[in-house]
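S.K.: This is the structure I have questions about; it appears just below.
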Amino acid sequence: MAGTKTNDFQDMLPMMANKLGGDGLIRELCNGFRLLMDKERGVITFESLKKNSALLGLQNLRDDELMSMLIEGDLNGDGHLDQMEFCVLMFRLSPELMEESEDLLEIALQHEFKANSAR
């Protein structure tokens, strides 16, 4: 998925996180999920992704790129994305957000380790 539109979206996610905060970002990701999902099934299918991808600026992605995105995000192997899988995929597609999350996790773990060592 080396398309320009995908890279634009990746660059926007950290900015959205900084502007909206954690709760606001999750809300926006949920809105993105609802835009892409199959309204009858309540999940993102290949067909709904292809049909609605232009709404998120992804209209230039080829079918194989869309399928690759779907496969990458399909954590439970059921052939579609539920809301949680979609949110996880969006974070995974944003290297900067992943780095920030890893840094925060490391700090939290160090703090927890120090607190447990002091006991």
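Here's how to read the names in the structure tokens: chain A, B, ... by the order shown, residue numbers from 1 in each chain, ligand numbers from 1 in the order shown.
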Report as a PyMOL selection string: the residues of stretch 26-113 of chain A with a DSSP assignment of helix (DSSP H, G or I), based on the backbone of this structure.

M.R.: chain A and resi 26-36+46-56+63-73+83-92+95-113

S.K.: Which residues, written as a list in words, have at least one atom at most 10 Å from A:Glu85, with only C-alpha atoms counted and residues fewer than 2 positions away on the same chain left out?

M.R.: Phe33, Val43, Ile44, Leu70, Glu72, Gly73, Asp74, Leu75, Asn76, His80, Leu81, Asp82, Gln83, Cys87, Val88, Leu89 and Met90 of chain A

S.K.: Can you work out the spacing between atom CA of A:Ser68 and atom CA of A:Met15 in Å, to one decimal?

M.R.: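 A separation of 25.3 Å between them.
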
S.K.: Between atom CA of A:Leu55 and atom CA of A:Leu36, what is the distance in Å, rounded to a tenth?

M.R.: 8.0 Å
